[in-house]
Every structure is written in structure tokens, then in C-alpha cells.
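S.K.: Got model_28.pdb for you, PDB, C-alpha atoms and all ligand atoms:
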```pdb
ATOM      1  CA  MET A   5     -71.193 -57.298  76.165
ATOM      2  CA  PRO A   6     -71.272 -57.957  79.957
ATOM      3  CA  ASP A   7     -71.933 -61.515  81.143
ATOM      4  CA  ILE A   8     -74.151 -62.288  84.076
ATOM      5  CA  CYS A   9     -73.955 -65.750  85.575
ATOM      6  CA  PHE A  10     -77.409 -66.815  86.811
ATOM      7  CA  TRP A  11     -75.959 -69.648  88.862
ATOM      8  CA  ASN A  12     -73.440 -72.489  89.013
ATOM      9  CA  ARG A  13     -75.630 -75.583  88.562
ATOM     10  CA  CYS A  14     -76.090 -77.521  85.354
ATOM     11  CA  ASN A  15     -78.086 -80.556  84.323
ATOM     12  CA  ASN A  16     -75.401 -81.565  81.793
ATOM     13  CA  HIS A  17     -71.786 -82.499  82.562
ATOM     14  CA  CYS A  18     -70.092 -81.572  79.292
ATOM     15  CA  LEU A  19     -66.548 -82.768  78.731
ATOM     16  CA  MET A  20     -65.468 -79.442  77.217
ATOM     17  CA  CYS A  21     -67.069 -77.269  79.917
ATOM     18  CA  THR A  22     -64.859 -74.246  80.609
ATOM     19  CA  ASN A  23     -66.031 -73.676  84.167
ATOM     20  CA  PRO A  24     -63.315 -74.350  86.768
ATOM     21  CA  ASP A  25     -63.796 -76.869  89.610
ATOM     22  CA  ASP A  26     -64.380 -74.237  92.283
ATOM     23  CA  PHE A  27     -67.177 -72.740  90.167
ATOM     24  CA  TRP A  28     -69.391 -75.662  91.166
ATOM     25  CA  LYS A  29     -68.981 -75.121  94.928
ATOM     26  CA  GLU A  30     -72.029 -74.054  96.956
ATOM     27  CA  LYS A  31     -72.791 -70.417  96.352
ATOM     28  CA  ASP A  32     -76.087 -68.684  96.721
ATOM     29  CA  TYR A  33     -77.215 -67.089  93.473
ATOM     30  CA  ASN A  34     -80.625 -66.273  94.908
ATOM     31  CA  TYR A  35     -83.227 -63.942  93.467
ATOM     32  CA  ASP A  36     -82.262 -60.995  95.677
ATOM     33  CA  TYR A  37     -78.591 -61.243  94.722
ATOM     34  CA  LEU A  38     -79.343 -61.495  90.998
ATOM     35  CA  SER A  39     -82.008 -58.801  90.950
ATOM     36  CA  GLN A  40     -79.691 -56.364  92.735
ATOM     37  CA  ARG A  41     -76.925 -57.044  90.229
ATOM     38  CA  LEU A  42     -79.276 -56.559  87.302
ATOM     39  CA  LEU A  43     -80.815 -53.379  88.680
ATOM     40  CA  LEU A  44     -77.337 -51.884  89.077
ATOM     41  CA  LEU A  45     -76.886 -52.286  85.325
ATOM     42  CA  ARG A  46     -80.032 -50.307  84.531
ATOM     43  CA  GLY A  47     -79.264 -47.463  82.114
ATOM     44  CA  LYS A  48     -75.598 -48.472  81.814
ATOM     45  CA  ILE A  49     -75.666 -51.255  79.239
ATOM     46  CA  LYS A  50     -77.245 -51.995  75.875
ATOM     47  CA  ASP A  51     -76.824 -55.758  75.895
ATOM     48  CA  ILE A  52     -76.082 -58.624  78.207
ATOM     49  CA  THR A  53     -75.191 -62.314  77.980
ATOM     50  CA  VAL A  54     -76.874 -64.635  80.470
ATOM     51  CA  THR A  55     -74.730 -67.641  81.397
ATOM     52  CA  GLY A  56     -74.370 -70.311  84.058
ATOM     53  CA  GLY A  57     -74.125 -73.313  84.743
ATOM     54  CA  GLU A  58     -77.456 -73.670  83.048
ATOM     55  CA  PRO A  59     -79.496 -70.501  83.625
ATOM     56  CA  THR A  60     -82.885 -71.969  82.704
ATOM     57  CA  ILE A  61     -82.940 -74.438  85.612
ATOM     58  CA  HIS A  62     -82.500 -71.681  88.204
ATOM     59  CA  PRO A  63     -85.643 -71.939  90.392
ATOM     60  CA  ASP A  64     -86.337 -68.212  89.901
ATOM     61  CA  PHE A  65     -85.464 -68.079  86.211
ATOM     62  CA  LEU A  66     -88.903 -66.935  85.054
ATOM     63  CA  ARG A  67     -89.129 -64.434  87.903
ATOM     64  CA  ILE A  68     -85.823 -62.932  86.787
ATOM     65  CA  ILE A  69     -87.084 -62.837  83.201
ATOM     66  CA  GLU A  70     -90.116 -60.901  84.479
ATOM     67  CA  LEU A  71     -87.775 -58.489  86.238
ATOM     68  CA  LEU A  72     -85.759 -57.976  83.045
ATOM     69  CA  LYS A  73     -88.970 -57.350  81.116
ATOM     70  CA  ARG A  74     -90.123 -54.798  83.636
ATOM     71  CA  GLU A  75     -86.899 -53.012  84.600
ATOM     72  CA  LEU A  76     -84.543 -53.387  81.614
ATOM     73  CA  PRO A  77     -86.989 -53.613  78.701
ATOM     74  CA  ASN A  78     -84.660 -52.227  76.031
ATOM     75  CA  ILE A  79     -81.495 -54.241  76.518
ATOM     76  CA  GLU A  80     -80.628 -57.000  74.072
ATOM     77  CA  ILE A  81     -80.302 -60.329  75.912
ATOM     78  CA  THR A  82     -78.419 -63.390  74.706
ATOM     79  CA  LEU A  83     -79.195 -66.473  76.747
ATOM     80  CA  LEU A  84     -76.628 -69.292  76.532
ATOM     81  CA  SER A  85     -78.341 -72.597  77.235
ATOM     82  CA  ASN A  86     -78.155 -76.324  76.687
ATOM     83  CA  GLY A  87     -81.760 -76.055  75.508
ATOM     84  CA  ARG A  88     -83.150 -78.917  77.567
ATOM     85  CA  ARG A  89     -85.674 -76.929  79.556
ATOM     86  CA  PHE A  90     -87.285 -75.643  76.342
ATOM     87  CA  PHE A  91     -88.481 -79.236  75.918
ATOM     88  CA  TYR A  92     -91.477 -77.934  77.898
ATOM     89  CA  PRO A  93     -93.565 -75.799  75.501
ATOM     90  CA  LEU A  94     -95.067 -73.578  78.197
ATOM     91  CA  PHE A  95     -91.606 -72.735  79.491
ATOM     92  CA  ALA A  96     -90.395 -71.887  75.964
ATOM     93  CA  LYS A  97     -93.420 -69.637  75.374
ATOM     94  CA  LYS A  98     -92.976 -67.870  78.690
ATOM     95  CA  CYS A  99     -89.293 -67.198  78.086
ATOM     96  CA  LEU A 100     -89.982 -65.822  74.620
ATOM     97  CA  GLU A 101     -92.383 -63.246  76.045
ATOM     98  CA  LEU A 102     -89.326 -61.054  76.409
ATOM     99  CA  ASN A 103     -89.079 -59.220  73.064
ATOM    100  CA  ASN A 104     -85.326 -58.734  73.211
ATOM    101  CA  MET A 105     -84.480 -62.330  74.088
ATOM    102  CA  ASN A 106     -82.043 -64.110  71.773
ATOM    103  CA  ILE A 107     -81.133 -67.679  72.544
ATOM    104  CA  ALA A 108     -77.997 -69.690  71.740
ATOM    105  CA  ILE A 109     -78.272 -73.459  72.175
ATOM    106  CA  ALA A 110     -75.299 -75.829  72.168
ATOM    107  CA  LEU A 111     -75.660 -78.974  70.066
ATOM    108  CA  HIS A 112     -72.882 -81.555  70.361
ATOM    109  CA  GLY A 113     -73.983 -84.355  68.050
ATOM    110  CA  TYR A 114     -76.300 -85.453  65.280
ATOM    111  CA  ASP A 115     -77.946 -88.237  67.283
ATOM    112  CA  ALA A 116     -78.385 -89.323  70.884
ATOM    113  CA  GLN A 117     -75.166 -91.297  70.962
ATOM    114  CA  THR A 118     -72.873 -88.531  69.667
ATOM    115  CA  HIS A 119     -74.496 -85.735  71.702
ATOM    116  CA  ASP A 120     -74.984 -87.583  74.982
ATOM    117  CA  ARG A 121     -71.418 -88.867  75.110
ATOM    118  CA  ILE A 122     -70.293 -85.210  75.336
ATOM    119  CA  THR A 123     -72.939 -84.093  77.873
ATOM    120  CA  LEU A 124     -72.664 -87.365  79.827
ATOM    121  CA  VAL A 125     -76.436 -87.286  80.318
ATOM    122  CA  LYS A 126     -78.604 -89.907  78.658
ATOM    123  CA  GLY A 127     -81.655 -88.324  77.060
ATOM    124  CA  SER A 128     -80.108 -84.850  76.783
ATOM    125  CA  PHE A 129     -80.090 -84.946  72.965
ATOM    126  CA  ALA A 130     -83.815 -85.722  72.788
ATOM    127  CA  GLN A 131     -84.638 -82.848  75.144
ATOM    128  CA  THR A 132     -82.349 -80.346  73.415
ATOM    129  CA  VAL A 133     -83.722 -81.201  69.962
ATOM    130  CA  THR A 134     -87.333 -80.840  71.109
ATOM    131  CA  GLY A 135     -86.307 -77.633  72.892
ATOM    132  CA  ILE A 136     -84.947 -76.184  69.642
ATOM    133  CA  LYS A 137     -88.135 -77.222  67.812
ATOM    134  CA  ASN A 138     -90.274 -75.475  70.431
ATOM    135  CA  LEU A 139     -88.185 -72.308  70.267
ATOM    136  CA  LEU A 140     -88.443 -72.201  66.479
ATOM    137  CA  LYS A 141     -92.183 -72.725  66.732
ATOM    138  CA  TYR A 142     -92.850 -69.953  69.251
ATOM    139  CA  LYS A 143     -90.178 -67.321  68.689
ATOM    140  CA  ARG A 144     -90.918 -64.016  66.997
ATOM    141  CA  LYS A 145     -89.093 -62.776  63.909
ATOM    142  CA  SER A 146     -87.246 -60.212  66.005
ATOM    143  CA  GLN A 147     -85.791 -62.935  68.241
ATOM    144  CA  ASN A 148     -82.726 -64.817  67.050
ATOM    145  CA  LEU A 149     -82.163 -68.491  67.660
ATOM    146  CA  GLU A 150     -78.588 -69.623  67.256
ATOM    147  CA  ILE A 151     -77.163 -73.145  67.395
ATOM    148  CA  ARG A 152     -73.589 -73.472  68.628
ATOM    149  CA  ILE A 153     -71.283 -76.358  67.835
ATOM    150  CA  VAL A 154     -68.143 -76.519  69.960
ATOM    151  CA  ILE A 155     -65.198 -77.913  68.025
ATOM    152  CA  THR A 156     -63.269 -80.486  70.043
ATOM    153  CA  LYS A 157     -61.298 -83.639  69.291
ATOM    154  CA  LEU A 158     -64.489 -85.672  69.665
ATOM    155  CA  THR A 159     -66.832 -83.467  67.626
ATOM    156  CA  SER A 160     -64.476 -82.447  64.760
ATOM    157  CA  PRO A 161     -64.848 -85.688  62.757
ATOM    158  CA  TYR A 162     -68.639 -85.290  62.596
ATOM    159  CA  VAL A 163     -69.278 -81.534  62.572
ATOM    160  CA  HIS A 164     -70.428 -81.973  58.946
ATOM    161  CA  LYS A 165     -73.029 -84.491  60.162
ATOM    162  CA  ILE A 166     -74.271 -82.051  62.820
ATOM    163  CA  LEU A 167     -74.623 -79.466  60.061
ATOM    164  CA  TYR A 168     -76.590 -81.958  57.887
ATOM    165  CA  PHE A 169     -78.806 -82.583  60.900
ATOM    166  CA  ILE A 170     -79.404 -78.857  61.506
ATOM    167  CA  ARG A 171     -80.042 -78.226  57.806
ATOM    168  CA  GLY A 172     -82.547 -81.063  57.636
ATOM    169  CA  ASN A 173     -84.342 -80.466  60.921
ATOM    170  CA  PHE A 174     -84.018 -76.757  61.671
ATOM    171  CA  PRO A 175     -83.708 -75.033  58.278
ATOM    172  CA  THR A 176     -85.107 -71.760  59.660
ATOM    173  CA  VAL A 177     -82.572 -71.354  62.453
ATOM    174  CA  ASP A 178     -81.184 -67.808  62.336
ATOM    175  CA  ARG A 179     -77.533 -68.610  62.833
ATOM    176  CA  VAL A 180     -75.095 -71.485  63.240
ATOM    177  CA  VAL A 181     -71.865 -70.834  65.115
ATOM    178  CA  LEU A 182     -68.797 -73.058  64.921
ATOM    179  CA  MET A 183     -66.880 -72.318  68.061
ATOM    180  CA  PHE A 184     -63.348 -73.539  68.652
ATOM    181  CA  MET A 185     -63.063 -74.947  72.171
ATOM    182  CA  GLU A 186     -61.425 -72.953  74.947
ATOM    183  CA  ILE A 187     -58.881 -74.904  76.981
ATOM    184  CA  GLU A 188     -60.160 -73.959  80.421
ATOM    185  CA  GLY A 189     -61.780 -75.621  83.416
ATOM    186  CA  ARG A 190     -62.835 -79.186  82.790
ATOM    187  CA  ALA A 191     -61.708 -78.969  79.135
ATOM    188  CA  ASP A 192     -58.200 -78.213  80.347
ATOM    189  CA  LYS A 193     -58.247 -81.171  82.751
ATOM    190  CA  ASP A 194     -59.572 -83.512  80.056
ATOM    191  CA  ILE A 195     -57.352 -82.165  77.308
ATOM    192  CA  LYS A 196     -56.175 -85.646  76.280
ATOM    193  CA  THR A 197     -59.762 -86.760  75.623
ATOM    194  CA  ILE A 198     -61.243 -83.582  74.241
ATOM    195  CA  GLY A 199     -58.402 -81.239  73.217
ATOM    196  CA  THR A 200     -57.730 -80.461  69.576
ATOM    197  CA  THR A 201     -55.612 -78.065  67.516
ATOM    198  CA  TYR A 202     -56.492 -75.695  64.701
ATOM    199  CA  LYS A 203     -54.357 -77.841  62.411
ATOM    200  CA  GLU A 204     -56.362 -80.972  63.244
ATOM    201  CA  TRP A 205     -59.643 -79.114  62.771
ATOM    202  CA  ASN A 206     -58.556 -77.823  59.342
ATOM    203  CA  SER A 207     -58.207 -81.384  58.098
ATOM    204  CA  TYR A 208     -61.994 -81.731  58.528
ATOM    205  CA  LEU A 209     -62.867 -78.375  56.961
ATOM    206  CA  PRO A 210     -63.341 -79.575  53.355
ATOM    207  CA  ARG A 211     -66.357 -81.574  54.547
ATOM    208  CA  ILE A 212     -68.207 -78.474  55.693
ATOM    209  CA  LYS A 213     -67.195 -75.725  53.291
ATOM    210  CA  SER A 214     -69.769 -76.559  50.641
ATOM    211  CA  MET A 215     -72.565 -76.440  53.244
ATOM    212  CA  ILE A 216     -71.924 -72.939  54.532
ATOM    213  CA  LYS A 217     -74.192 -71.357  51.919
ATOM    214  CA  ASP A 218     -77.110 -73.541  53.090
ATOM    215  CA  PHE A 219     -77.566 -71.563  56.319
ATOM    216  CA  ARG A 220     -78.978 -68.101  56.916
ATOM    217  CA  GLU A 221     -75.821 -67.133  58.723
ATOM    218  CA  ILE A 222     -72.643 -68.919  59.780
ATOM    219  CA  ARG A 223     -70.099 -67.536  62.208
ATOM    220  CA  LEU A 224     -66.705 -68.778  63.345
ATOM    221  CA  TYR A 225     -65.814 -67.923  66.949
ATOM    222  CA  HIS A 226     -62.388 -68.149  68.624
ATOM    223  CA  PHE A 227     -60.313 -68.433  65.425
ATOM    224  CA  PRO A 228     -57.103 -66.436  64.838
ATOM    225  CA  LEU A 229     -57.163 -65.376  61.169
ATOM    226  CA  CYS A 230     -54.111 -67.406  60.118
ATOM    227  CA  THR A 231     -55.884 -70.616  61.188
ATOM    228  CA  VAL A 232     -58.670 -70.022  58.666
ATOM    229  CA  GLU A 233     -58.349 -69.912  54.893
ATOM    230  CA  PRO A 234     -58.926 -66.350  53.617
ATOM    231  CA  SER A 235     -62.097 -67.280  51.695
ATOM    232  CA  LEU A 236     -63.715 -67.893  55.106
ATOM    233  CA  TRP A 237     -62.458 -64.768  56.906
ATOM    234  CA  LYS A 238     -65.800 -63.053  56.367
ATOM    235  CA  TYR A 239     -67.325 -65.567  58.797
ATOM    236  CA  VAL A 240     -64.736 -64.965  61.523
ATOM    237  CA  TRP A 241     -65.810 -62.946  64.584
ATOM    238  CA  ARG A 242     -63.648 -61.617  67.404
ATOM    239  CA  THR A 243     -65.228 -63.121  70.455
ATOM    240  CA  LEU A 244     -62.728 -63.283  73.310
ATOM    241  CA  SER A 245     -61.881 -60.472  75.710
ATOM    242  CA  LYS A 246     -58.445 -58.842  75.667
ATOM    243  CA  ASP A 247     -57.426 -60.420  78.960
ATOM    244  CA  GLU A 248     -58.038 -63.924  77.551
ATOM    245  CA  ILE A 249     -55.756 -63.621  74.512
ATOM    246  CA  LEU A 250     -52.148 -62.998  73.547
ATOM    247  CA  PHE A 251     -50.339 -62.343  70.295
ATOM    248  CA  PRO A 252     -47.248 -64.560  69.912
ATOM    249  CA  PRO A 253     -44.009 -62.825  68.763
ATOM    250  CA  GLN A 254     -44.538 -63.625  65.066
ATOM    251  CA  CYS A 255     -47.698 -61.463  65.069
ATOM    252  CA  LYS A 256     -45.544 -58.325  65.324
ATOM    253  CA  ILE A 257     -44.980 -58.345  61.585
ATOM    254  CA  CYS A 258     -48.490 -59.476  60.677
ATOM    255  CA  TRP A 259     -50.457 -57.008  58.603
ATOM    256  CA  TYR A 260     -53.737 -58.481  59.919
ATOM    257  CA  ARG A 261     -52.986 -58.111  63.597
ATOM    258  CA  LYS A 262     -55.453 -55.231  63.990
ATOM    259  CA  TYR A 263     -58.236 -57.424  62.571
ATOM    260  CA  CYS A 264     -57.266 -60.647  64.340
ATOM    261  CA  LEU A 265     -58.651 -62.143  67.532
ATOM    262  CA  GLY A 266     -55.208 -63.248  68.757
ATOM    263  CA  VAL A 267     -54.693 -66.608  70.444
ATOM    264  CA  HIS A 268     -56.289 -67.868  73.644
ATOM    265  CA  LYS A 269     -53.665 -67.788  76.434
ATOM    266  CA  ARG A 270     -54.277 -71.375  77.538
ATOM    267  CA  TYR A 271     -53.916 -72.610  73.942
ATOM    268  CA  LEU A 272     -50.450 -71.022  73.779
ATOM    269  CA  LYS A 273     -49.532 -72.516  77.127
ATOM    270  CA  ARG A 274     -50.843 -76.032  76.474
ATOM    271  CA  ILE A 275     -50.270 -76.412  72.716
ATOM    272  CA  GLY A 276     -47.833 -73.673  71.683
ATOM    273  CA  ASP A 277     -47.542 -71.085  68.946
ATOM    274  CA  SER A 278     -46.129 -73.070  66.027
ATOM    275  CA  GLU A 279     -49.371 -72.942  64.013
ATOM    276  CA  PHE A 280     -49.520 -69.157  63.818
ATOM    277  CA  SER A 281     -47.762 -67.169  61.118
ATOM    278  CA  PRO A 282     -48.603 -64.021  59.157
ATOM    279  CA  PRO A 283     -50.748 -64.754  56.102
ATOM    280  CA  GLN A 284     -49.868 -63.245  52.739
ATOM    281  CA  ARG A 285     -51.242 -59.794  52.096
ATOM    282  CA  LEU A 286     -54.631 -59.703  50.372
ATOM    283  CA  ILE A 287     -57.167 -57.023  49.591
ATOM    284  CA  ILE A 288     -59.875 -57.077  52.186
ATOM    285  CA  LYS A 289     -63.108 -55.215  52.734
ATOM    286  CA  ASN A 290     -63.301 -54.154  56.337
ATOM    287  CA  SER A 291     -66.076 -52.853  58.562
ATOM    288  CA  ASN A 292     -66.258 -50.551  61.574
ATOM    289  CA  ASP A 293     -67.464 -53.386  63.762
ATOM    290  CA  PRO A 294     -64.562 -54.406  66.045
ATOM    291  CA  HIS A 295     -66.193 -57.806  66.581
ATOM    292  CA  HIS A 296     -66.498 -58.492  62.856
ATOM    293  CA  PRO A 297     -63.755 -56.442  61.221
ATOM    294  CA  ILE A 298     -63.419 -58.300  57.886
ATOM    295  CA  VAL A 299     -66.523 -58.638  55.753
ATOM    296  CA  ASP A 300     -64.866 -59.907  52.587
ATOM    297  CA  VAL A 301     -61.612 -60.833  50.922
ATOM    298  CA  ILE A 302     -61.353 -59.526  47.363
ATOM    299  CA  ASN A 303     -58.506 -61.712  46.096
TER     300      ASN A 303
HETATM  301  S1  LIG A 401     -49.924 -64.141  62.721
HETATM  302 FE1  LIG A 401     -50.872 -63.473  64.655
HETATM  303  S2  LIG A 401     -51.966 -61.593  64.174
HETATM  304 FE2  LIG A 401     -51.475 -62.588  62.253
HETATM  305  S3  LIG A 401     -53.309 -63.752  61.759
HETATM  306 FE3  LIG A 401     -51.924 -65.134  62.908
HETATM  307  S4  LIG A 401     -52.480 -64.961  65.044
HETATM  308 FE4  LIG A 401     -53.415 -63.252  63.954
END
```
Please rewrite the model in this file as C-alpha cells.
Ligand code: SF4
M.R.:
Amino acid sequence: MPDICFWNRCNNHCLMCTNPDDFWKEKDYNYDYLSQRLLLLRGKIKDITVTGGEPTIHPDFLRIIELLKRELPNIEITLLSNGRRFFYPLFAKKCLELNNMNIAIALHGYDAQTHDRITLVKGSFAQTVTGIKNLLKYKRKSQNLEIRIVITKLTSPYVHKILYFIRGNFPTVDRVVLMFMEIEGRADKDIKTIGTTYKEWNSYLPRIKSMIKDFREIRLYHFPLCTVEPSLWKYVWRTLSKDEILFPPQCKICWYRKYCLGVHKRYLKRIGDSEFSPPQRLIIKNSNDPHHPIVDVIN
């Protein structure tokens, strides 16, 4: 799925942001530039991911949405957002006029204190939560709303509380994604504050396992298979591009290599490969979807 960056500004300053420092330098992502890029994609793609910075605060965001509606009406769009601008109901309604618009909102805490200490913006939790409420209120059945939780050193101890919060406040959300952090950009610089390992994360897993069934859909993004217990493999999706990952030497003898995401390059560089080893052979049910190759583990 191609990504298109709407621009490089954001109204949050998240500690685990993967954008590099030079990303934030002055650059003109004006309407003409973006519309030309989008029109070049006409007829060539089926889906697209809209990223930033924060796309929704681009001054021409709604104009670009109009362009997408008019010129690329059949492509599936996934908008990655911090959700704050959907605090405004008219904006949420306008954005959802695009039939093929799916929205993924990042939630970093279960209250203002836990969320805002990650975004470094006071009041961001209140706006994001109201934004999610508005989207759930106005979206059509055909449009998916996803909530993403990024797993970091700071969020891991209370991911179960974020899930309680989502279950209690947004029970109709279409999907919840637990996404292991990528060590890039600001996250790489702040690795001492925010960095975690798969091993550390697994120590918190028992708190969330029993809740998985409470959601319409759960997905795990950015997890090599051997970092996840086999009973949860059906939730694992392959979500990084080939140029972002590597397979350490021990993967050569792993029977699951063809189904596995591999390991993010920066993780190997900063943390190492000692956590990865071939799991024992099990009977699996696989699919033809390269992004979601294992749909069940039989034993
Ligand atoms: S050993 Fe390598 S290929 Fe096998 S599950 Fe682990 S990371 Fe994936």
C-alpha cells in the first residue's frame, strides 16, 4: 500500500515519533504539489495510506479530500491521525463524506495524564477521545475506525488499562491494533526513555490476553513470530516493508521464515538479535494473504 505524506507538521510531539529531525524542516507540501502527486497515481493503485506529520491540520486537507472523492473515487484510503481535529463534529462529518475513508487513530493512554505525557501536549487526550466519539457517531458501516496503541517502555505497563478504556468507551470500534514501536527518528534518539524489547513487553502480555476476545478485531503489528506465543499468531500481521527488515542468521533454519515479518533493522542494530530463535514446529492454517499469512495454529 503506497504512503502519501500530506505534510510535515504536527500538533503533537510524541516521544516515540519515527520521523527524523530533518523531516520537520520547512518544505512546501502545498495543494498543487499534493494534487499532482495524487493524480499521477490515478488508475495505478487500489489503496493508499495518508500520513504526515498530522494530515488533518494541513490547511487544504478538506480540499484534498474533495479531490480524492472526485478523481480517485474507488481507492481504499487509510488515514493515520492523532484524532484531535475530529474533536470538531463538522470536520469529522466532512471527512467521512468519502465512502472509502478508513481512519486509524493513535491512543497513548487511558486518561489525560498517561496520554499527554507521551504527546507532550496538554489537552490532547480530551480532544482525541472526543474525536474518536465523533467518528464513531458519524461513520458509515463501510468505513473502518481503528485505534492504535504503540507499545513502548512507557505504555507497556498500562496497555491493559488502555484496552479497558477502549472496551468501556468505544465498544463498537472496528479494530484495535497493538503496534510494537519502531526505533527510528525521535524514538531512536529517546531510546533510553521510550525504548523497550519484545522480552519486556511479553512480561505484560498476561494482563491483556483475556481481553482480546472482547474486541471486534485485534491485530499485532511489527512482531516477528518467535516473539509472540503461538496461540496469538493468528493476530499477527506483516506490516513492514522489505527494506526495513532483516532476518538474523538463526532464521535460516526457521520453518516459519516464509510467514514471518523478520526484525526491524534498527532493532537489530540498537538491541541485538538474542531474542529471536526458531519456534518449535506446529500445525498451522495459512492463508494466501501475504500480510496475514497465519490464520490459526492447530496445536
Ligand atoms: S527465528 Fe527468525 S524467521 Fe523464525 S520466527 Fe523468529 S524472527 Fe521469524
S.K.: Rounded to one decimal place, report the atom CA of Gly266 of chain A-atom CA of Asp7 of chain A distance in Å.
M.R.: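 One can read the atom CA of Gly266 of chain A to atom CA of Asp7 of chain A distance as 20.9 Å.
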S.K.: Which residues of chain A come within 10 Å of ligand LIG 401 (chain A), and for each one, what is the closest pair of atoms and their distance in Å to one decimal, counting all atoms listed in the file, sorted by chain and residue number, as a Markdown table?
M.R.:
```
| residue | atom | partner | partner_atom | distance |
| --- | --- | --- | --- | --- |
| A:Phe227 | CA | A:LIG401 | S4 | 8.6 |
| A:Pro228 | CA | A:LIG401 | S4 | 4.9 |
| A:Leu229 | CA | A:LIG401 | S3 | 4.2 |
| A:Cys230 | CA | A:LIG401 | S3 | 4.1 |
| A:Thr231 | CA | A:LIG401 | FE3 | 7.0 |
| A:Val232 | CA | A:LIG401 | S3 | 8.8 |
| A:Leu250 | CA | A:LIG401 | S4 | 8.7 |
| A:Phe251 | CA | A:LIG401 | FE1 | 5.8 |
| A:Pro252 | CA | A:LIG401 | FE1 | 6.5 |
| A:Pro253 | CA | A:LIG401 | FE1 | 8.0 |
| A:Gln254 | CA | A:LIG401 | S1 | 5.9 |
| A:Cys255 | CA | A:LIG401 | FE1 | 3.8 |
| A:Lys256 | CA | A:LIG401 | S2 | 7.3 |
| A:Ile257 | CA | A:LIG401 | S1 | 7.7 |
| A:Cys258 | CA | A:LIG401 | FE2 | 4.6 |
| A:Trp259 | CA | A:LIG401 | FE2 | 6.7 |
| A:Tyr260 | CA | A:LIG401 | FE2 | 5.2 |
| A:Arg261 | CA | A:LIG401 | S2 | 3.7 |
| A:Lys262 | CA | A:LIG401 | S2 | 7.3 |
| A:Tyr263 | CA | A:LIG401 | FE4 | 7.7 |
| A:Cys264 | CA | A:LIG401 | FE4 | 4.7 |
| A:Leu265 | CA | A:LIG401 | FE4 | 6.4 |
| A:Gly266 | CA | A:LIG401 | S4 | 4.9 |
| A:Val267 | CA | A:LIG401 | S4 | 6.1 |
| A:His268 | CA | A:LIG401 | S4 | 9.8 |
| A:Asp277 | CA | A:LIG401 | S4 | 8.8 |
| A:Glu279 | CA | A:LIG401 | FE3 | 8.3 |
| A:Phe280 | CA | A:LIG401 | FE3 | 4.8 |
| A:Ser281 | CA | A:LIG401 | S1 | 4.1 |
| A:Pro282 | CA | A:LIG401 | S1 | 3.8 |
| A:Pro283 | CA | A:LIG401 | S3 | 6.3 |
| A:Gln284 | CA | A:LIG401 | S3 | 9.7 |
```
S.K.: What's around segment 166-183 of chain A at 7 Å? Count only C-alpha atoms, leave out sequence neighbours fewer than 3 positions away in its own chain, and write the answer as a PyMOL selection string.
M.R.: chain A and resi 113-114+148-155+162-163+220-226
S.K.: If you measure from atom CA of Val299 of chain A to atom CA of Leu236 of chain A, what distance in Å do you get, rounded to one decimal?
M.R.: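 Answer for the atom CA of Val299 of chain A to atom CA of Leu236 of chain A separation: 9.7 Å.
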S.K.: Which polymer residues have any atom within 8 Å of an atom of segment 64-67 of chain A, counting all atoms listed in the file, with same-chain residues fewer than 5 positions away left out, as a list in words?
M.R.: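 Near neighbours after the sequence-gap exclusion: Asn34, Tyr35, Pro59, Lys98 and Cys99 of chain A.
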S.K.: So, counting only C-alpha atoms, which residue among A:Thr123, A:Thr82, A:Ser235, A:Thr118 is closest to Asn104 of chain A?
M.R.: A:Thr82
S.K.: Which distance in Å separates atom CA of Phe27 of chain A and atom CA of Ile198 of chain A, to one decimal?
M.R.: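 Separation of atom CA of Phe27 of chain A and atom CA of Ile198 of chain A: 20.2 Å.
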S.K.: Quick one: residues within 12 Å of Glu186 of chain A, only C-alpha atoms, excluding same-chain residues fewer than 3 positions away - as a PyMOL selection string?
M.R.: chain A and resi 19-23+154-156+183+189-195+198-202+225-227+243-244+248-249+267-272+274-275
S.K.: Excluding Ile136 of chain A and residues on its chain fewer than 5 positions from it, collect all residues at most 10 Å away from it, counting only C-alpha atoms, and give them as a compact mmCIF listing (two decimals) with C-alpha atoms, in the frame of the given file.
M.R.:
```
# COMPACT_ATOMS: atom_id res chain seq x y z
CA ASN A 86 -78.16 -76.32 76.69
CA GLY A 87 -81.76 -76.06 75.51
CA ARG A 88 -83.15 -78.92 77.57
CA ARG A 89 -85.67 -76.93 79.56
CA PHE A 90 -87.28 -75.64 76.34
CA PHE A 91 -88.48 -79.24 75.92
CA ALA A 96 -90.40 -71.89 75.96
CA ILE A 107 -81.13 -67.68 72.54
CA ALA A 108 -78.00 -69.69 71.74
CA ILE A 109 -78.27 -73.46 72.18
CA ALA A 110 -75.30 -75.83 72.17
CA LEU A 111 -75.66 -78.97 70.07
CA GLN A 131 -84.64 -82.85 75.14
CA LYS A 141 -92.18 -72.72 66.73
CA LEU A 149 -82.16 -68.49 67.66
CA GLU A 150 -78.59 -69.62 67.26
CA ILE A 151 -77.16 -73.14 67.40
CA ASN A 173 -84.34 -80.47 60.92
CA PHE A 174 -84.02 -76.76 61.67
CA VAL A 177 -82.57 -71.35 62.45
```
S.K.: Written as an NGL selection string, what is the full residue list that the PyMOL selection byres (((chain A and resi 294) around 9) and not hetatm) yields on the file shown?
M.R.: :A and (241-242 or 263 or 291-293 or 295-297)
S.K.: Env of Val301 of chain A: 7 Å cut, atoms = all atoms listed in the file, seq-sep filter 2 positions within chain, self excluded. Answer as a PyMOL selection string.
M.R.: chain A and resi 234-235+287-289+303
S.K.: Determine the axis-aligned bounding box of all atoms of segment 283-299 of chain A present in the file, pad each side by 8 Å, and express its centre and edge lengths in Å to one decimal place as JSON.
M.R.:
```
{"center_x": -58.7, "center_y": -57.7, "center_z": 58.1, "size_x": 33.6, "size_y": 30.2, "size_z": 33.0}
```
S.K.: Could you spell out the hits of the PyMOL selection byres (((chain A and resi 53) around 8) and not hetatm) on the shown file, as a PyMOL selection string?
M.R.: chain A and resi 5-8+51-52+54-55+81-84
S.K.: Under the rule that all atoms listed in the file are counted, which of A:Asn106, A:Thr132, A:Thr197, A:Asn206 is the nearest residue to Asn16 of chain A?
M.R.: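 Of the candidates, the smallest distance to Asn16 of chain A is held by A:Thr132.
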S.K.: Would you mind telling me which residue in A:Leu44, A:Leu94, A:Ile298, A:Met105 lies nearest to Ile69 of chain A when using all atoms listed in the file?
M.R.: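 Of all the options, A:Met105 lies closest to Ile69 of chain A.
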S.K.: Measuring between all atoms listed in the file, which one of A:Asn12, A:Gln117, A:Ser160, A:Ser245 shows the shortest distance to Glu204 of chain A?
M.R.: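 Closest to Glu204 of chain A of all the choices is A:Ser160.
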